[in-house]
Amino acid sequence: MNVLFIASEMEPYAKSGGLADVVAALPKALKSLGVKVKVVIPLYSSIKYDRYSLKKIMPGACVHMGICEEWYDVHHTNVPHGVDVYFVEFQKYFNRPGYYHDSGGEYKDSAFRFSFLSRAAMQIAKDLKFKPDIVHLHDWQTAIAAYYIKKRYDPFFSGTKSFLTLHNVGYQGVYDRIALRYAMIDEWDFTPDTFEAFGHINLLKGGISFADKITTVSPTYAEEILGHVGANGLHVYINRRRNDLHGILNGVDTSIWNPETDDYIPARFNAKGYKKGKKLNKAALQKNFNLTVTPDVPIFAFIGRFAEQKGLHLLQPIIRPILNDMICQFIVLGSGDPSLERFFGELPAFSPGNAGSYIGYNENLAHLIEAGSDFFVMPSIYEPCGLNQMYSHIYGTLPVVRSIGGLNDTVEQYNEKNGDGNGFKFNDISSSALYYTIGWAVSTYYDRKTHIRKMIKNAMARDYSWEKSAEKYLSLYKM
Ligand code: ADP
C-alpha cells in the first residue's frame, strides 16, 4: 500500500495547530504497519533547514497551472520521524512571514498557493515513480487535490483514491473566483454543488464533493458536522457524503507526552506511583506561578488559543467569582484575543497566591501544567478532537469539559455513586454551567477523595496510542 500525504503543516517543521501533529504522527504509525508513506509540505522560510538535515533532491521541477509554468525545487529529509518528507520550495508563495496570514492580514492568494502545492505534490510522486493507492489530504489547504484525482488529469493516478480528513470545518478556504483558471477548476465544476459558494471559490466544499472518502478526527464531530451549526454552513454537502464519512479519534504522540519519560517535568511518574510524582510536580508548578505551595488545594488549568472556539469567554466572567467562592487555584496559559490576553494577564494581581497566568506559547510550561494540575478546563464551543484532554488523562489530571466533539468521545462522566468515569462534563454553552461543574469538581476533590483516586486510575489506564487509530485508517484505505 502506497500513501501520499499532502498537507500545509507537519510537526516539527511547521505547526499552527493539531493538524500538524496528525500529519507527523499518522504517517509514522502507518509506516510501522507496513504502509509506504511519503509526505509533501511547503518549504516555508521559517523551516530550520539544517536542524532537520534537508537536502535538495530535485532542482528545477515543473508543473502547469492554467496557462502558467511554475518551476520549483524539491528538498527531502526523513529526520526526525523516519518518514520521507518532501518540501516544495517556491519563493513566491512560501517565502513569507506566516503560513496563511501575517500582521497585514490573511494572504489573499492562498487558492493559488495551495492549488499549486497540491499539483506539485502529485508531480513529485510521479517524478519519484511513487504510484499512490491513496492520496491523503488535510483540510481546505489541500482538499482540491481530490478534484485533480477525480478528474484523472494524469493517467499515472488512474488507480488512486483520495481521502480528505477534516480537522476543523470552521476554516474552509474561501477565495475570489479569479483563481479558477490557475487552480484548474473547470467552469462547469464551479457550481453550488461543488466549489462555488456565494460567487467565491470554497476549496473545502469542492474537496468534500470530490473526495472518495472523508474522515474527521472524532466520531462525535463526524455527527456534529451533519448539522447546520457544526458544519459552518456545509451540512447539506456533508450530508450528501454521509455514507463515505467516518470519525476516527486522533492518537497522542506518546514519545512526547508521557509522564514516565517527560524531560520537561521535575518528577517523572506512572500510574502505579502517580501520587508522589504528581505531588512534586504540583509543588514545582505552584512555585513557578508564585502560587501558595500546598498539596491540599486543587489546581485548575487552561492551555490553548484565546479564540472564540475555545470558550474562554465562558470562563472570563466567572473566574473571579470562582477564586472568591471556592478554595482552589487557577492557571491559564495561552495567547490570542488581545482583550482576553489583558484580562487573564491581570488575573494573578486579582488573586495573589491563587491565580497564575502566562501569556504566550510555552511548550515546557504546558508539560509542567499537565503534570502538576488536578483538573484541566476545556469549555470549548466546538472541538473536532482536542488534544489536551487526552494529555490530561495520560498525566492523571481530570478534565472538566463541555460534552462536544472529541471531548465527548474521550471524557466519561463522573458517577457520584461509585466514582466511575474520568472527568466532569456539562452541555450548556453558559458560564453558569461551567461554574457549577467546576464547583462539582472542587467538592469532589475535598469530599470524595477515593472517587478522585479511582478516576485518576481510570484516566491513566486509557490507551491513546496512534497505532489503534492508524489501524482504523488502514482498514478504510483498503475499503
Ligand atoms: P487546536 O488545534 O484547536 O489549537 P488542540 O487541542 O487540538 O487545539 O491542540 C492544541 C495544541 O497546542 C495542544 O497540544 C496544546 O497544548 C498546545 N498549545 C496551545 N496553546 C499553547 C500555549 N500557549 N503554550 C503551549 N502549548 C499550547
# chains A, B, ... in the order shown; residues from 1 in each chain; ligands from 1
call {"tool": "residues_around", "arguments": {"residues": "region 183-198 of chain A", "least_positions_apart": "4", "cutoff": "7 Å", "atoms": "only C-alpha atoms", "output": "list in words"}}
result
Met65, Gly66, Phe112, Ser115, Ala179, Asn202, Leu203, Lys205, Gly206 and Ser209 of chain A
call {"tool": "residues_near_ligand", "arguments": {"ligand": "ligand 1", "cutoff": "6 Å", "atoms": "only C-alpha atoms and all ligand atoms", "output": "ChimeraX atom specification"}}
result
/A:17-18,303-305,333-335,360-363,366,386-388
call {"tool": "select_by_dssp", "arguments": {"residues": "region 181-425 of chain A", "states": "strand (DSSP E or B)", "output": "PyMOL selection string"}}
result
chain A and resi 196-197+200-202+213-216+245-247+299-306+329-336+355-359+375-378+398-402+413+423-425
call {"tool": "write_last_selection", "arguments": {"atoms": "C-alpha atoms", "output": "PDB file, in the first residue's frame"}}
result
ATOM      1  CA  GLU A 196     -18.965  27.668  -5.713  1.00  0.00           C
ATOM      2  CA  ALA A 197     -20.223  29.496  -2.613  1.00  0.00           C
ATOM      3  CA  HIS A 200     -16.493  32.682  -4.411  1.00  0.00           C
ATOM      4  CA  ILE A 201     -14.390  29.534  -4.513  1.00  0.00           C
ATOM      5  CA  ASN A 202     -14.827  27.384  -1.401  1.00  0.00           C
ATOM      6  CA  LYS A 213     -13.666   9.107   1.403  1.00  0.00           C
ATOM      7  CA  ILE A 214     -13.930  11.733   4.106  1.00  0.00           C
ATOM      8  CA  THR A 215     -12.721  11.321   7.643  1.00  0.00           C
ATOM      9  CA  THR A 216     -12.815  13.559  10.624  1.00  0.00           C
ATOM     10  CA  LEU A 245     -17.851   9.895   6.214  1.00  0.00           C
ATOM     11  CA  HIS A 246     -16.007   8.296   9.146  1.00  0.00           C
ATOM     12  CA  GLY A 247     -14.876   9.638  12.524  1.00  0.00           C
ATOM     13  CA  ILE A 299      -5.296  23.427  40.811  1.00  0.00           C
ATOM     14  CA  PHE A 300      -7.444  24.048  37.728  1.00  0.00           C
ATOM     15  CA  ALA A 301      -5.676  24.841  34.455  1.00  0.00           C
ATOM     16  CA  PHE A 302      -6.394  26.028  30.948  1.00  0.00           C
ATOM     17  CA  ILE A 303      -3.969  25.881  27.994  1.00  0.00           C
ATOM     18  CA  GLY A 304      -4.854  26.949  24.484  1.00  0.00           C
ATOM     19  CA  ARG A 305      -5.579  29.570  21.889  1.00  0.00           C
ATOM     20  CA  PHE A 306      -7.571  32.534  23.143  1.00  0.00           C
ATOM     21  CA  GLN A 329      -6.058  27.760  42.403  1.00  0.00           C
ATOM     22  CA  PHE A 330      -6.239  28.599  38.689  1.00  0.00           C
ATOM     23  CA  ILE A 331      -3.556  28.721  35.993  1.00  0.00           C
ATOM     24  CA  VAL A 332      -4.051  29.972  32.432  1.00  0.00           C
ATOM     25  CA  LEU A 333      -1.527  29.589  29.579  1.00  0.00           C
ATOM     26  CA  GLY A 334      -2.205  30.878  26.100  1.00  0.00           C
ATOM     27  CA  SER A 335      -2.459  33.785  23.720  1.00  0.00           C
ATOM     28  CA  GLY A 336      -4.738  35.227  21.067  1.00  0.00           C
ATOM     29  CA  ALA A 355      -4.070  32.635  40.274  1.00  0.00           C
ATOM     30  CA  GLY A 356      -1.258  32.346  37.739  1.00  0.00           C
ATOM     31  CA  SER A 357      -1.044  33.137  34.063  1.00  0.00           C
ATOM     32  CA  TYR A 358       1.439  33.141  31.212  1.00  0.00           C
ATOM     33  CA  ILE A 359       0.517  34.965  28.023  1.00  0.00           C
ATOM     34  CA  PHE A 375      -8.127  19.498  36.838  1.00  0.00           C
ATOM     35  CA  PHE A 376      -7.967  20.718  33.246  1.00  0.00           C
ATOM     36  CA  VAL A 377     -10.705  23.013  31.953  1.00  0.00           C
ATOM     37  CA  MET A 378     -11.896  22.905  28.309  1.00  0.00           C
ATOM     38  CA  LEU A 398      -9.049  15.190  35.364  1.00  0.00           C
ATOM     39  CA  PRO A 399     -10.685  17.140  32.518  1.00  0.00           C
ATOM     40  CA  VAL A 400     -13.662  19.458  33.056  1.00  0.00           C
ATOM     41  CA  VAL A 401     -15.166  19.771  29.571  1.00  0.00           C
ATOM     42  CA  ARG A 402     -18.170  20.700  27.520  1.00  0.00           C
ATOM     43  CA  GLN A 413     -18.793  11.500  33.014  1.00  0.00           C
ATOM     44  CA  GLY A 423     -13.765  13.672  34.178  1.00  0.00           C
ATOM     45  CA  PHE A 424     -16.597  16.174  34.515  1.00  0.00           C
ATOM     46  CA  LYS A 425     -18.859  17.146  31.622  1.00  0.00           C
TER      47      LYS A 425
END
call {"tool": "residues_around", "arguments": {"residues": "region 91-93 of chain A", "least_positions_apart": "5", "cutoff": "12 Å", "atoms": "only C-alpha atoms", "output": "list of chain:residue names"}}
result
A:Pro42, A:Leu43, A:Tyr44, A:Ser45, A:Glu70, A:Trp71, A:Tyr72, A:Asp73, A:Gly98, A:Tyr99, A:Tyr100, A:His101, A:Tyr107, A:Lys108, A:Asp109, A:Ser110, A:Ala111, A:Phe112, A:Arg113, A:Phe114, A:Ser115, A:Phe116, A:Leu117
call {"tool": "select_by_dssp", "arguments": {"residues": "region 62-157 of chain A", "states": "helix (DSSP H, G or I)", "output": "NGL selection string"}}
result
:A and (91-94 or 110-127 or 139-142 or 145-150 or 155-157)
call {"tool": "residues_around", "arguments": {"residues": "Pro80 (chain A)", "least_positions_apart": "5", "cutoff": "10 Å", "atoms": "only C-alpha atoms", "output": "list in words"}}
result
Glu11, Pro12, Tyr13, Ala24, Arg51, Tyr52 and Ser53 of chain A
call {"tool": "residues_around", "arguments": {"residues": "Asp463 (chain A)", "least_positions_apart": "3", "cutoff": "12 Å", "atoms": "only C-alpha atoms", "output": "ChimeraX atom specification"}}
result
/A:249-254,258,390-391,393-394,410,458-460,466-469
call {"tool": "closest_residue", "arguments": {"among": "A:Ile149, A:Leu407, A:Met10, A:Leu4", "to": "Ala121 (chain A)", "atoms": "only C-alpha atoms"}}
result
A:Leu4
call {"tool": "closest_residue", "arguments": {"among": "A:Val169, A:Leu285, A:Ile319, A:Ile369", "to": "Glu383 (chain A)", "atoms": "only C-alpha atoms"}}
result
A:Val169
